[in-house]
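Structure file input35.cif (mmCIF, C-alpha atoms and all ligand atoms) follows.
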data_entry
#
loop_
_atom_site.label_atom_id
_atom_site.label_comp_id
_atom_site.auth_asym_id
_atom_site.auth_seq_id
_atom_site.Cartn_x
_atom_site.Cartn_y
_atom_site.Cartn_z
CA MET A 1 16.73 5.53 -25.37
CA ARG A 2 13.17 6.73 -25.66
CA LEU A 3 12.46 4.57 -28.69
CA LEU A 4 13.86 1.52 -26.98
CA ILE A 5 11.74 2.16 -23.91
CA ALA A 6 8.66 2.60 -26.05
CA MET A 7 9.37 -0.77 -27.55
CA VAL A 8 9.69 -2.40 -24.15
CA MET A 9 6.50 -0.73 -22.98
CA SER A 10 4.57 -2.14 -25.90
CA LEU A 11 5.86 -5.57 -25.01
CA ALA A 12 4.87 -5.08 -21.39
CA ALA A 13 1.42 -3.81 -22.28
CA GLY A 14 0.79 -6.69 -24.63
CA GLY A 15 2.41 -9.16 -22.19
CA VAL A 16 0.50 -12.28 -23.13
CA SER A 17 1.18 -12.06 -26.84
CA PHE A 18 4.97 -11.77 -26.49
CA ALA A 19 6.71 -15.10 -26.81
CA GLY A 20 10.16 -15.48 -25.27
CA PRO A 21 11.87 -13.78 -22.37
CA ASP A 22 11.73 -10.02 -21.72
CA PRO A 23 14.82 -8.16 -22.94
CA ILE A 24 17.59 -7.69 -20.42
CA LEU A 25 17.89 -4.12 -19.12
CA LEU A 26 21.26 -2.56 -18.38
CA LEU A 27 20.85 0.56 -16.24
CA SER A 28 23.78 2.91 -16.04
CA GLY A 29 24.66 6.36 -14.75
CA ALA A 30 22.14 6.71 -11.92
CA ARG A 31 22.83 7.44 -8.29
CA VAL A 32 21.62 4.22 -6.65
CA LEU A 33 20.11 4.15 -3.15
CA ALA A 34 22.52 2.18 -0.95
CA ALA A 35 21.28 -0.84 1.01
CA ASP A 36 21.25 1.26 4.23
CA GLY A 37 18.65 3.51 2.56
CA ARG A 38 20.52 6.64 3.65
CA SER A 39 23.19 7.29 1.04
CA TRP A 40 23.87 7.07 -2.70
CA GLN A 41 26.21 4.86 -4.67
CA THR A 42 27.55 6.23 -7.93
CA GLY A 43 29.25 4.59 -10.86
CA GLN A 44 27.16 1.41 -10.65
CA ASP A 45 25.64 -0.54 -13.52
CA LEU A 46 22.60 -2.72 -12.83
CA LEU A 47 21.75 -5.69 -14.97
CA LEU A 48 18.11 -6.77 -14.82
CA VAL A 49 17.53 -10.33 -16.01
CA ASP A 50 14.24 -12.25 -15.86
CA GLY A 51 12.65 -9.93 -13.31
CA ARG A 52 15.57 -9.67 -10.90
CA ILE A 53 18.61 -7.52 -10.27
CA ALA A 54 21.02 -10.12 -11.56
CA ARG A 55 24.23 -8.10 -11.19
CA MET A 56 25.42 -4.78 -9.78
CA GLY A 57 28.93 -3.57 -10.30
CA PRO A 58 31.27 -0.83 -11.46
CA ALA A 59 30.25 0.83 -14.73
CA GLY A 60 31.30 -1.14 -17.79
CA GLN A 61 32.13 -4.24 -15.77
CA VAL A 62 28.76 -5.96 -15.74
CA PRO A 63 28.66 -8.02 -18.93
CA PRO A 64 25.20 -9.16 -20.00
CA PRO A 65 24.72 -12.83 -20.83
CA PRO A 66 25.28 -13.62 -24.53
CA ASP A 67 22.45 -14.47 -26.91
CA ARG A 68 19.91 -12.18 -25.23
CA GLU A 69 18.53 -8.86 -26.40
CA VAL A 70 19.89 -6.08 -24.18
CA LEU A 71 18.44 -2.61 -23.75
CA ARG A 72 20.81 -0.07 -22.24
CA LEU A 73 19.12 2.77 -20.35
CA ASP A 74 21.25 5.81 -19.60
CA LEU A 75 20.00 7.22 -16.28
CA GLU A 76 22.68 9.90 -15.91
CA GLY A 77 21.59 12.54 -13.40
CA LEU A 78 18.74 10.45 -11.97
CA PHE A 79 18.24 8.96 -8.50
CA LEU A 80 17.31 5.26 -8.47
CA ILE A 81 15.29 3.89 -5.54
CA PRO A 82 13.40 0.65 -4.89
CA GLY A 83 9.78 0.53 -6.08
CA LEU A 84 7.48 2.09 -3.46
CA MET A 85 5.27 -0.15 -1.32
CA GLU A 86 1.93 1.24 -0.12
CA LEU A 87 0.37 -0.65 2.78
CA HIS A 88 -3.22 0.65 2.92
CA SER A 89 -5.14 1.12 -0.31
CA HIS A 90 -8.64 0.48 -1.66
CA LEU A 91 -8.40 -0.04 -5.41
CA LEU A 92 -12.13 -0.75 -5.55
CA LEU A 93 -12.98 2.71 -4.19
CA HIS A 94 -12.71 6.05 -5.94
CA PRO A 95 -12.55 9.52 -4.36
CA TYR A 96 -15.44 10.35 -2.03
CA ASP A 97 -15.78 13.86 -3.46
CA GLU A 98 -16.70 12.18 -6.78
CA THR A 99 -19.12 9.67 -5.24
CA PRO A 100 -19.79 9.17 -1.50
CA TRP A 101 -18.69 5.84 -0.04
CA GLU A 102 -22.29 4.74 0.68
CA THR A 103 -23.30 5.32 -2.93
CA GLN A 104 -20.32 3.36 -4.24
CA VAL A 105 -21.16 0.40 -1.98
CA LEU A 106 -24.92 0.43 -2.51
CA LYS A 107 -25.40 1.51 -6.10
CA GLU A 108 -22.32 0.97 -8.26
CA SER A 109 -22.19 -2.34 -10.09
CA LEU A 110 -19.45 -4.82 -9.35
CA GLU A 111 -18.50 -4.70 -13.03
CA LEU A 112 -18.05 -0.92 -13.09
CA ARG A 113 -16.16 -0.99 -9.80
CA THR A 114 -13.78 -3.67 -11.10
CA ILE A 115 -13.12 -1.75 -14.32
CA ARG A 116 -12.40 1.35 -12.25
CA GLY A 117 -10.11 -0.77 -10.08
CA SER A 118 -8.04 -1.83 -13.08
CA VAL A 119 -7.64 1.82 -14.13
CA ALA A 120 -6.67 2.68 -10.54
CA ALA A 121 -4.07 -0.11 -10.55
CA ALA A 122 -2.43 1.31 -13.69
CA ALA A 123 -2.34 4.82 -12.18
CA THR A 124 -0.80 3.40 -9.01
CA LEU A 125 2.00 1.68 -10.87
CA ALA A 126 2.71 4.78 -12.97
CA ALA A 127 3.14 6.69 -9.68
CA GLY A 128 6.03 4.42 -8.72
CA ILE A 129 4.12 2.11 -6.39
CA THR A 130 5.16 -1.37 -7.47
CA THR A 131 3.68 -3.23 -4.48
CA GLU A 132 0.43 -2.47 -2.70
CA ARG A 133 -1.44 -4.05 0.21
CA ASP A 134 -5.12 -3.51 -0.59
CA LEU A 135 -7.16 -3.55 2.62
CA GLY A 136 -10.69 -4.44 1.68
CA THR A 137 -12.96 -4.25 -1.34
CA GLU A 138 -15.73 -2.37 0.54
CA GLY A 139 -18.63 -4.31 -0.89
CA ALA A 140 -16.93 -5.42 -4.10
CA GLY A 141 -16.59 -9.05 -3.01
CA PHE A 142 -13.40 -10.72 -4.15
CA ALA A 143 -12.69 -8.32 -7.03
CA ASP A 144 -9.27 -7.56 -5.53
CA VAL A 145 -8.26 -11.19 -6.08
CA ALA A 146 -9.34 -10.85 -9.72
CA LEU A 147 -7.27 -7.66 -10.07
CA ARG A 148 -4.24 -9.40 -8.56
CA ARG A 149 -4.59 -12.32 -10.96
CA ALA A 150 -5.07 -10.04 -13.96
CA ILE A 151 -1.93 -8.08 -13.01
CA ASP A 152 0.15 -11.19 -12.30
CA SER A 153 -0.78 -12.71 -15.66
CA GLY A 154 0.17 -9.55 -17.57
CA LEU A 155 -3.42 -8.85 -18.64
CA ILE A 156 -3.50 -5.38 -17.06
CA ALA A 157 -0.90 -3.02 -15.60
CA GLY A 158 -0.67 -2.62 -11.84
CA PRO A 159 1.42 -3.10 -8.72
CA ARG A 160 2.16 -6.47 -7.15
CA LEU A 161 -0.90 -6.85 -4.91
CA LEU A 162 -1.48 -8.36 -1.50
CA VAL A 163 -5.21 -8.33 -0.87
CA ALA A 164 -7.59 -8.62 2.08
CA THR A 165 -10.84 -9.36 0.18
CA ARG A 166 -13.93 -8.39 2.21
CA ALA A 167 -12.64 -7.35 5.65
CA ILE A 168 -14.34 -8.83 8.72
CA VAL A 169 -16.69 -6.82 10.91
CA ALA A 170 -18.84 -7.67 13.92
CA GLY A 171 -22.58 -7.97 13.30
CA ALA A 172 -24.58 -4.73 13.15
CA SER A 173 -21.47 -2.59 13.43
CA TYR A 174 -20.51 -1.53 9.91
CA GLY A 175 -21.97 0.59 7.14
CA PRO A 176 -23.76 1.74 5.19
CA GLY A 177 -25.79 2.58 8.28
CA GLY A 178 -28.59 4.88 9.31
CA PHE A 179 -31.38 2.73 7.86
CA ASP A 180 -34.52 1.72 9.68
CA PRO A 181 -33.62 -1.49 11.60
CA ARG A 182 -36.21 -3.39 9.54
CA TRP A 183 -34.01 -3.28 6.45
CA ASP A 184 -31.08 -5.45 5.59
CA VAL A 185 -28.79 -3.43 3.36
CA PRO A 186 -25.66 -4.59 1.52
CA LEU A 187 -22.54 -3.95 3.60
CA GLY A 188 -19.01 -2.85 2.82
CA ALA A 189 -17.53 -5.89 4.61
CA GLN A 190 -18.29 -9.42 5.84
CA GLU A 191 -20.15 -9.78 9.14
CA ALA A 192 -19.08 -12.47 11.58
CA ASP A 193 -20.01 -13.11 15.22
CA GLY A 194 -18.64 -15.41 17.88
CA VAL A 195 -15.56 -17.59 17.85
CA ALA A 196 -17.00 -20.06 15.34
CA GLY A 197 -18.26 -17.22 13.16
CA VAL A 198 -14.95 -15.38 12.87
CA ARG A 199 -13.08 -18.62 12.22
CA ARG A 200 -15.50 -19.46 9.42
CA ALA A 201 -15.16 -15.97 7.89
CA VAL A 202 -11.36 -16.25 7.88
CA ARG A 203 -11.58 -19.67 6.23
CA GLN A 204 -13.91 -18.33 3.54
CA GLN A 205 -11.56 -15.46 2.80
CA VAL A 206 -8.51 -17.70 2.70
CA ARG A 207 -10.24 -19.94 0.18
CA GLY A 208 -11.33 -16.87 -1.77
CA GLY A 209 -7.71 -15.84 -2.25
CA ALA A 210 -6.90 -13.40 0.60
CA ASP A 211 -3.24 -12.66 1.36
CA TRP A 212 -4.05 -10.71 4.54
CA ILE A 213 -7.02 -10.71 6.90
CA LYS A 214 -8.45 -7.28 7.72
CA VAL A 215 -10.59 -6.93 10.83
CA TYR A 216 -12.41 -3.95 12.31
CA ALA A 217 -11.65 -4.02 16.04
CA ASP A 218 -13.84 -0.97 16.57
CA TYR A 219 -16.24 1.17 14.57
CA ARG A 220 -19.06 3.69 14.86
CA ARG A 221 -22.32 1.77 15.24
CA ALA A 222 -24.32 4.52 13.54
CA PRO A 223 -23.48 7.47 11.29
CA GLY A 224 -21.92 10.22 13.38
CA ALA A 225 -21.57 8.08 16.51
CA VAL A 226 -18.23 7.71 18.28
CA SER A 227 -16.30 4.50 17.67
CA THR A 228 -16.47 1.76 20.29
CA PRO A 229 -14.82 -1.69 20.39
CA THR A 230 -16.82 -4.30 18.46
CA PHE A 231 -15.24 -7.73 18.73
CA SER A 232 -14.48 -9.30 22.13
CA GLN A 233 -10.95 -10.32 23.00
CA GLU A 234 -12.01 -13.94 22.62
CA GLU A 235 -13.27 -13.31 19.08
CA LEU A 236 -10.14 -11.39 18.02
CA ASP A 237 -7.88 -14.08 19.50
CA ALA A 238 -9.75 -16.74 17.51
CA LEU A 239 -9.64 -14.68 14.32
CA VAL A 240 -5.88 -14.14 14.52
CA ASP A 241 -5.33 -17.78 15.49
CA GLU A 242 -7.32 -18.96 12.47
CA ALA A 243 -5.49 -16.58 10.11
CA THR A 244 -2.12 -17.59 11.54
CA SER A 245 -2.98 -21.27 11.04
CA ALA A 246 -3.52 -20.48 7.37
CA GLY A 247 -0.27 -18.51 7.19
CA LEU A 248 -1.93 -15.12 6.89
CA PRO A 249 -1.13 -11.99 8.94
CA VAL A 250 -3.85 -9.70 10.31
CA ALA A 251 -4.35 -5.95 9.86
CA ALA A 252 -6.72 -4.32 12.34
CA HIS A 253 -8.70 -1.14 11.84
CA ALA A 254 -8.71 0.43 15.32
CA SER A 255 -8.85 3.96 16.62
CA THR A 256 -10.07 3.53 20.22
CA PRO A 257 -7.59 2.65 22.99
CA GLU A 258 -9.50 -0.53 23.87
CA GLY A 259 -9.91 -1.59 20.24
CA ILE A 260 -6.19 -1.11 19.63
CA ARG A 261 -5.30 -2.91 22.86
CA ARG A 262 -7.42 -5.97 22.04
CA ALA A 263 -6.13 -6.16 18.47
CA VAL A 264 -2.49 -5.89 19.56
CA LEU A 265 -2.93 -8.51 22.29
CA ALA A 266 -4.62 -10.81 19.76
CA GLY A 267 -1.57 -10.55 17.49
CA ALA A 268 -2.45 -8.06 14.76
CA VAL A 269 0.63 -7.04 12.76
CA THR A 270 -0.56 -3.55 11.84
CA ILE A 271 -3.00 -1.06 13.35
CA GLU A 272 -4.83 1.07 10.80
CA HIS A 273 -5.64 4.72 11.70
CA GLY A 274 -5.12 4.65 15.49
CA TYR A 275 -6.11 8.28 16.09
CA GLY A 276 -7.46 7.77 19.61
CA ALA A 277 -4.39 5.88 20.81
CA THR A 278 -3.26 6.78 24.32
CA ASP A 279 0.43 6.82 25.13
CA GLN A 280 -0.20 3.62 27.06
CA VAL A 281 -1.43 1.68 24.02
CA LEU A 282 1.29 3.23 21.86
CA ARG A 283 3.81 1.82 24.33
CA LEU A 284 2.08 -1.57 24.05
CA MET A 285 2.41 -1.35 20.25
CA LYS A 286 6.09 -0.48 20.60
CA THR A 287 6.65 -3.46 22.95
CA LYS A 288 4.91 -5.86 20.56
CA ASN A 289 6.56 -4.29 17.48
CA VAL A 290 3.18 -3.54 15.92
CA MET A 291 3.18 -1.02 13.07
CA LEU A 292 0.94 2.05 12.97
CA LEU A 293 -0.56 3.04 9.60
CA PRO A 294 -1.96 6.51 10.34
CA THR A 295 -3.55 7.17 6.90
CA LEU A 296 -2.87 10.91 7.23
CA ALA A 297 -3.62 11.65 3.58
CA ALA A 298 -7.17 10.34 3.99
CA VAL A 299 -7.67 12.50 7.09
CA GLU A 300 -6.54 15.51 5.11
CA ALA A 301 -8.71 14.61 2.10
CA MET A 302 -11.82 14.13 4.26
CA ALA A 303 -11.22 17.50 5.95
CA VAL A 304 -10.95 19.15 2.53
CA TYR A 305 -14.15 17.43 1.35
CA ARG A 306 -15.88 18.88 4.42
CA GLY A 307 -14.78 22.36 3.43
CA TRP A 308 -11.30 22.89 4.93
CA ASP A 309 -9.20 25.20 2.76
CA GLY A 310 -5.86 23.74 3.91
CA GLU A 311 -4.96 26.90 5.83
CA LEU A 312 -4.70 27.47 9.58
CA PRO A 313 -6.46 26.72 11.82
CA GLU A 314 -6.34 22.99 11.15
CA PRO A 315 -9.53 21.05 11.89
CA ALA A 316 -9.67 18.81 14.97
CA THR A 317 -9.18 15.61 12.96
CA VAL A 318 -5.97 16.93 11.39
CA LEU A 319 -4.70 18.17 14.76
CA ALA A 320 -5.39 14.74 16.30
CA ALA A 321 -3.47 13.02 13.48
CA ARG A 322 -0.56 15.42 13.86
CA ASP A 323 -0.54 14.82 17.63
CA LEU A 324 -0.64 11.04 17.12
CA ILE A 325 2.48 11.14 14.94
CA ARG A 326 4.33 13.36 17.43
CA ARG A 327 3.60 10.93 20.29
CA ALA A 328 4.21 7.76 18.24
CA LEU A 329 7.60 9.10 17.10
CA ALA A 330 8.53 10.04 20.68
CA ILE A 331 7.58 6.58 21.96
CA GLY A 332 9.31 4.85 19.05
CA VAL A 333 6.34 3.08 17.47
CA ARG A 334 7.03 1.83 13.94
CA ILE A 335 5.08 4.04 11.54
CA GLY A 336 4.39 2.79 8.04
CA PHE A 337 3.31 4.09 4.65
CA GLY A 338 -0.41 3.50 4.26
CA SER A 339 -2.55 6.32 2.95
CA ASP A 340 -6.07 4.85 2.57
CA VAL A 341 -5.87 5.86 -1.09
CA GLY A 342 -9.23 5.39 -2.77
CA VAL A 343 -10.63 7.99 -0.40
CA PHE A 344 -8.63 10.27 -2.72
CA ASP A 345 -7.09 9.74 -6.19
CA HIS A 346 -5.13 6.59 -6.96
CA GLY A 347 -1.62 7.72 -7.87
CA ASP A 348 -1.51 10.38 -5.12
CA SER A 349 -0.44 8.05 -2.28
CA THR A 350 2.92 9.71 -1.66
CA ARG A 351 1.05 12.65 -0.10
CA GLU A 352 1.11 10.38 2.97
CA LEU A 353 4.92 10.55 3.08
CA GLU A 354 4.88 14.34 2.72
CA LEU A 355 2.51 14.57 5.70
CA LEU A 356 4.63 12.19 7.80
CA VAL A 357 7.61 14.48 7.16
CA LEU A 358 5.53 17.60 7.82
CA TYR A 359 4.44 16.10 11.16
CA GLY A 360 7.99 15.30 12.25
CA MET A 361 9.34 12.12 10.65
CA PRO A 362 12.89 12.48 9.26
CA VAL A 363 12.90 12.31 5.43
CA PRO A 364 15.11 9.16 5.19
CA ASP A 365 12.75 7.39 7.63
CA ALA A 366 9.77 8.29 5.44
CA LEU A 367 11.55 6.84 2.39
CA ALA A 368 12.40 3.69 4.39
CA ALA A 369 8.74 3.40 5.46
CA ALA A 370 7.82 3.19 1.77
CA THR A 371 10.59 0.72 0.87
CA SER A 372 12.64 -1.49 3.22
CA VAL A 373 10.36 -1.21 6.27
CA ALA A 374 7.24 -1.92 4.21
CA ALA A 375 8.92 -4.95 2.62
CA GLU A 376 9.71 -6.35 6.07
CA VAL A 377 6.12 -5.99 7.30
CA LEU A 378 4.86 -7.73 4.17
CA GLY A 379 7.29 -10.60 4.76
CA LEU A 380 9.08 -9.76 1.50
CA GLY A 381 12.21 -8.18 2.96
CA ASP A 382 14.52 -10.74 1.41
CA GLU A 383 13.62 -9.76 -2.15
CA LEU A 384 12.00 -6.30 -2.13
CA GLY A 385 12.53 -2.87 -0.56
CA ARG A 386 16.25 -2.51 -1.28
CA ILE A 387 18.43 -2.44 -4.37
CA GLU A 388 20.58 -5.53 -4.07
CA GLU A 389 21.76 -8.37 -6.26
CA GLY A 390 19.18 -11.14 -6.38
CA PHE A 391 16.29 -8.86 -5.38
CA LEU A 392 13.24 -8.41 -7.58
CA ALA A 393 13.86 -5.63 -10.10
CA ASP A 394 11.28 -3.08 -8.91
CA LEU A 395 12.87 0.34 -9.37
CA VAL A 396 11.92 4.00 -9.66
CA ALA A 397 14.08 6.75 -11.16
CA LEU A 398 13.63 10.33 -9.93
CA GLU A 399 14.96 13.72 -10.98
CA GLY A 400 15.56 14.94 -7.40
CA ASP A 401 17.05 13.51 -4.20
CA PRO A 402 14.28 11.92 -2.09
CA LEU A 403 16.59 11.79 0.96
CA ARG A 404 16.43 15.62 0.98
CA ASP A 405 12.97 16.33 -0.44
CA ILE A 406 10.32 13.61 -0.20
CA SER A 407 8.03 15.48 -2.62
CA VAL A 408 10.22 14.44 -5.59
CA LEU A 409 8.42 11.07 -5.34
CA ARG A 410 5.41 12.76 -6.92
CA ARG A 411 6.92 12.70 -10.40
CA PRO A 412 8.81 9.54 -11.23
CA VAL A 413 10.71 9.59 -14.50
CA LEU A 414 10.85 5.84 -14.93
CA VAL A 415 9.11 2.93 -13.19
CA ILE A 416 10.35 -0.63 -13.58
CA LYS A 417 8.46 -3.61 -12.19
CA ASN A 418 9.78 -7.17 -12.37
CA GLY A 419 12.60 -5.97 -14.61
CA VAL A 420 10.25 -4.49 -17.22
CA VAL A 421 9.71 -0.77 -17.89
CA ALA A 422 6.15 -0.05 -16.76
CA PHE A 423 6.12 3.72 -17.13
CA GLU A 424 8.29 6.43 -18.59
CA ARG A 425 7.52 10.14 -18.27
CA ARG A 426 8.35 12.18 -21.32
CA ARG A 427 10.92 14.80 -20.50
CA PRO A 428 11.60 17.95 -22.50
ZN ZN B 501 -9.03 1.85 4.62
#
Rewrite the structure from the file as C-alpha cells, please.
Amino acid sequence: MRLLIAMVMSLAAGGVSFAGPDPILLLSGARVLAADGRSWQTGQDLLLVDGRIARMGPAGQVPPPPDREVLRLDLEGLFLIPGLMELHSHLLLHPYDETPWETQVLKESLELRTIRGSVAAAATLAAGITTERDLGTEGAGFADVALRRAIDSGLIAGPRLLVATRAIVAGASYGPGGFDPRWDVPLGAQEADGVAGVRRAVRQQVRGGADWIKVYADYRRAPGAVSTPTFSQEELDALVDEATSAGLPVAAHASTPEGIRRAVLAGAVTIEHGYGATDQVLRLMKTKNVMLLPTLAAVEAMAVYRGWDGELPEPATVLAARDLIRRALAIGVRIGFGSDVGVFDHGDSTRELELLVLYGMPVPDALAAATSVAAEVLGLGDELGRIEEGFLADLVALEGDPLRDISVLRRPVLVIKNGVVAFERRRP
C-alpha cells in the first residue's frame, strides 16, 4: 500500500505534468464517520472517482468502473472523517514569537511572505485541513488570491482556500501604529471611510478575487489602547450591502459589545474573537444565527509569548476567553473552528478544538465545528463536511477515535483532498 501511495503522491505533487485522470481510489476497512457526525459505520468501501465520493457501500460490493487504474487502500483499524475546515487563518503571517507582526508587515518583502505562505499551505494540508478561510493578508496585498490559484491549478500543495484579501478598516484605526502622526506607514489592511468609501473598497476586493469580505468593526486606535467601535452603523450596512450584491458574505472582527452589535445588525455572518461580548449581544448573535469564531489558540499563544508558562493561574485574556465560551455555550450561540493560525505555527490549528473542549464544548460538537458546521457557514454544505456519495472526496484517516478524544486530530495518518492522496504519515 505504501508504494502505491507514494506513486499517487508523486503524481499529485507533479500535478501539471500528469496527463490523464487521477487513479481511482478504493478505500476499505476504515470506520467511517456517519452523516450525523456522531457515530461510526463499519464494513463500508468508498470509491473515489474524479475528486468525488462516487460510491459507498458494503465491502466488496462497490465495483470500480472498468478501464481505469484503481488503487486499493486498506484502512483497517483507522477512523475516517471529512477533511477539516478551518475558518480563520492567515497564511501570509508566521508566528509572532519568530517575527513580531509589525516587522512582518513593515519589513518583509511580498515575495518572501508569499513563499512562506506556500510552505504554510502545504503544512496546513498535511495537518488534515483540506479547506481554509483565510481572513486577510495583513499587508501582503492580494497574495492570498495567488496562493489559491496556485493550489487550484496543482502548482503547489494546500487546502481549498476561500480568501478575504486585504480586510477593510476605518481610517486611522489600524496598525502598525504608534508612529508620529506626520508619517504615513504601510498598513496591514485597506482603509476606507464613509458609505462611498467602503462600497469602493468592497468593489476593489471583489475584482481582486476575494471570496469573503473581512471588516474590522472595532479596533485599538493606538498600541495598548482599549478597542472601540470604528465604523458607523451606516458604513457597516453599506459594506455588507455591497458585498451581498456581489454574492460575498462578510466576516467581522469585533470584540466590543457595540462593535459586535453593529456588525450583527449589518448582516455579518461570523464574528471574529468577540471576547468583550455581553450576554445581551450573545443573545443577539443567537437570534440572528451569527457564528462566533473565538480564536482561542491565538489567545493562548499570545499569552505564552508574553511569558505565561501554561500553568495556573491563567492570565486575564485566557480567563476572558474561557468565560466567553461558557456563556456562549449556555446561550446557544453557534461556535466555529477558527484559530487565527499564523499567530502560531501553520499545521497546529486543531489546538483550537482542544481548547473548545477544555472550555466546555462536547467533543462531537467540536468535530462538527471543524466539518459539517464549517461547511454550512462557507455555503459548501451540499458537497463538503460529511462523508456522503456525491460529496467532494476530502478525507482524513486517524489512528484514534476523535468522537472520544479530539487530540487524535493532531496526527493524521492519511489526508486525501479532491480524491488524491495529499499526505501519508509513515507508520512503524
Ligand atoms: Zn485574524
**Item:** Contacts of Ile416 in chain A within 8 Å, only C-alpha atoms, excl. fewer than 6 positions in-chain, as a PyMOL selection string
**Value:** chain A and resi 83+393-396+422-423
Select from chain A every residue with an atom at most 9 Å from any atom of ligand ZN 501 (chain B), then for each give the shortest pair of atoms and their distance in Å to one decimal, using only C-alpha atoms and all ligand atoms, rows by chain and rising number, as a Markdown table.
| residue | atom | partner | partner_atom | distance |
| --- | --- | --- | --- | --- |
| A:His88 | CA | B:ZN501 | ZN | 6.2 |
| A:Ser89 | CA | B:ZN501 | ZN | 6.3 |
| A:His90 | CA | B:ZN501 | ZN | 6.4 |
| A:Asp134 | CA | B:ZN501 | ZN | 8.4 |
| A:Leu135 | CA | B:ZN501 | ZN | 6.1 |
| A:Gly136 | CA | B:ZN501 | ZN | 7.1 |
| A:Glu138 | CA | B:ZN501 | ZN | 8.9 |
| A:His253 | CA | B:ZN501 | ZN | 7.8 |
| A:Glu272 | CA | B:ZN501 | ZN | 7.5 |
| A:His273 | CA | B:ZN501 | ZN | 8.4 |
| A:Thr295 | CA | B:ZN501 | ZN | 8.0 |
| A:Ala298 | CA | B:ZN501 | ZN | 8.7 |
| A:Gly338 | CA | B:ZN501 | ZN | 8.8 |
| A:Ser339 | CA | B:ZN501 | ZN | 8.0 |
| A:Asp340 | CA | B:ZN501 | ZN | 4.7 |
| A:Val341 | CA | B:ZN501 | ZN | 7.7 |
| A:Gly342 | CA | B:ZN501 | ZN | 8.2 |
| A:Val343 | CA | B:ZN501 | ZN | 8.1 |
Print the selection's residues with C-alpha atoms to a file, as a PDB file, in the frame of the given file.
ATOM      1  CA  HIS A  88      -3.220   0.650   2.920  1.00  0.00           C
ATOM      2  CA  SER A  89      -5.140   1.120  -0.310  1.00  0.00           C
ATOM      3  CA  HIS A  90      -8.640   0.480  -1.660  1.00  0.00           C
ATOM      4  CA  ASP A 134      -5.120  -3.510  -0.590  1.00  0.00           C
ATOM      5  CA  LEU A 135      -7.160  -3.550   2.620  1.00  0.00           C
ATOM      6  CA  GLY A 136     -10.690  -4.440   1.680  1.00  0.00           C
ATOM      7  CA  GLU A 138     -15.730  -2.370   0.540  1.00  0.00           C
ATOM      8  CA  HIS A 253      -8.700  -1.140  11.840  1.00  0.00           C
ATOM      9  CA  GLU A 272      -4.830   1.070  10.800  1.00  0.00           C
ATOM     10  CA  HIS A 273      -5.640   4.720  11.700  1.00  0.00           C
ATOM     11  CA  THR A 295      -3.550   7.170   6.900  1.00  0.00           C
ATOM     12  CA  ALA A 298      -7.170  10.340   3.990  1.00  0.00           C
ATOM     13  CA  GLY A 338      -0.410   3.500   4.260  1.00  0.00           C
ATOM     14  CA  SER A 339      -2.550   6.320   2.950  1.00  0.00           C
ATOM     15  CA  ASP A 340      -6.070   4.850   2.570  1.00  0.00           C
ATOM     16  CA  VAL A 341      -5.870   5.860  -1.090  1.00  0.00           C
ATOM     17  CA  GLY A 342      -9.230   5.390  -2.770  1.00  0.00           C
ATOM     18  CA  VAL A 343     -10.630   7.990  -0.400  1.00  0.00           C
TER      19      VAL A 343
END
**Option closest in space to Gly188 in chain A, from A:Ala157, A:Ile271, A:Leu92, A:Ala266 [counting only C-alpha atoms]** =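 Counting only C-alpha atoms, the residue closest to Gly188 in chain A is A:Leu92.
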**Item:** Shell around Leu46 in chain A at 9 Å using all atoms listed in the file, local window under 6 positions removed, as a list in words
**Value:**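 Residues meeting the cut-off are Leu25, Leu26, Leu27, Ser28, Ile53, Ala54, Arg55, Met56, Gly57, Pro58, Ala59, Val62 and Glu389 of chain A.
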**Request:** Mind giving me the straight-line distance from CA of Asp180 in chain A to CA of Arg221 in chain A in Å, one decimal?
**Result:**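 CA of Arg221 in chain A lies at a distance of 13.4 Å from CA of Asp180 in chain A.
Using only C-alpha atoms for every distance, the candidate list A:Ala126, A:Leu282, A:Ala297, A:Val163 yields A:Leu282 as the residue closest to Ile260 in chain A.
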**Prompt:** What separation in Å, quoted to one decimal, exists between CA of Phe79 in chain A and CA of Ile325 in chain A?
**Reply:** 28.3 Å
**Prompt:** Taking into account all atoms listed in the file, which residue in the set A:Glu424, A:Gly379, A:Ala127, A:Pro364 is nearest to Arg38 in chain A?
**Reply:**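 Comparing A:Glu424, A:Gly379, A:Ala127, A:Pro364 against Arg38 in chain A, the winner is A:Pro364.
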**Message:** Around (6.9, 10.0, -18.5), as given in the file, which residues come within 8 Å? Count only C-alpha atoms and list them as a list in words.
**Reply:** Pro412, Val413, Leu414, Phe423, Glu424, Arg425, Arg426 and Arg427 of chain A
**Message:** Taking 3 positions as the minimum chain separation for residues in the same chain, which residues sit within 12 Å of Leu409 in chain A when counting all atoms listed in the file? Answer as a ChimeraX atom specification.
**Reply:** /A:79-84,126-129,347-354,363,366-367,370,396-406,412-415
**Request:** Would you mind reading off the distance between CA of Asp193 in chain A and CA of Pro229 in chain A, one decimal, in Å?
**Result:**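 Interatomic distance here is 13.6 Å.
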**Item:** Residues within 9 Å of (-18.2, 4.4, -2.8), file coords, all atoms listed in the file, listed as a PyMOL selection string
**Value:** chain A and resi 92-96+98-108+138-139+343
Write the residues of the selection above to a file with C-alpha atoms, as an mmCIF file, in the coordinates of the input.
data_model
loop_
_atom_site.group_PDB
_atom_site.id
_atom_site.type_symbol
_atom_site.label_atom_id
_atom_site.label_comp_id
_atom_site.auth_asym_id
_atom_site.auth_seq_id
_atom_site.Cartn_x
_atom_site.Cartn_y
_atom_site.Cartn_z
ATOM 1 C CA LEU A 92 -12.130 -0.750 -5.550
ATOM 2 C CA LEU A 93 -12.980 2.710 -4.190
ATOM 3 C CA HIS A 94 -12.710 6.050 -5.940
ATOM 4 C CA PRO A 95 -12.550 9.520 -4.360
ATOM 5 C CA TYR A 96 -15.440 10.350 -2.030
ATOM 6 C CA GLU A 98 -16.700 12.180 -6.780
ATOM 7 C CA THR A 99 -19.120 9.670 -5.240
ATOM 8 C CA PRO A 100 -19.790 9.170 -1.500
ATOM 9 C CA TRP A 101 -18.690 5.840 -0.040
ATOM 10 C CA GLU A 102 -22.290 4.740 0.680
ATOM 11 C CA THR A 103 -23.300 5.320 -2.930
ATOM 12 C CA GLN A 104 -20.320 3.360 -4.240
ATOM 13 C CA VAL A 105 -21.160 0.400 -1.980
ATOM 14 C CA LEU A 106 -24.920 0.430 -2.510
ATOM 15 C CA LYS A 107 -25.400 1.510 -6.100
ATOM 16 C CA GLU A 108 -22.320 0.970 -8.260
ATOM 17 C CA GLU A 138 -15.730 -2.370 0.540
ATOM 18 C CA GLY A 139 -18.630 -4.310 -0.890
ATOM 19 C CA VAL A 343 -10.630 7.990 -0.400
#
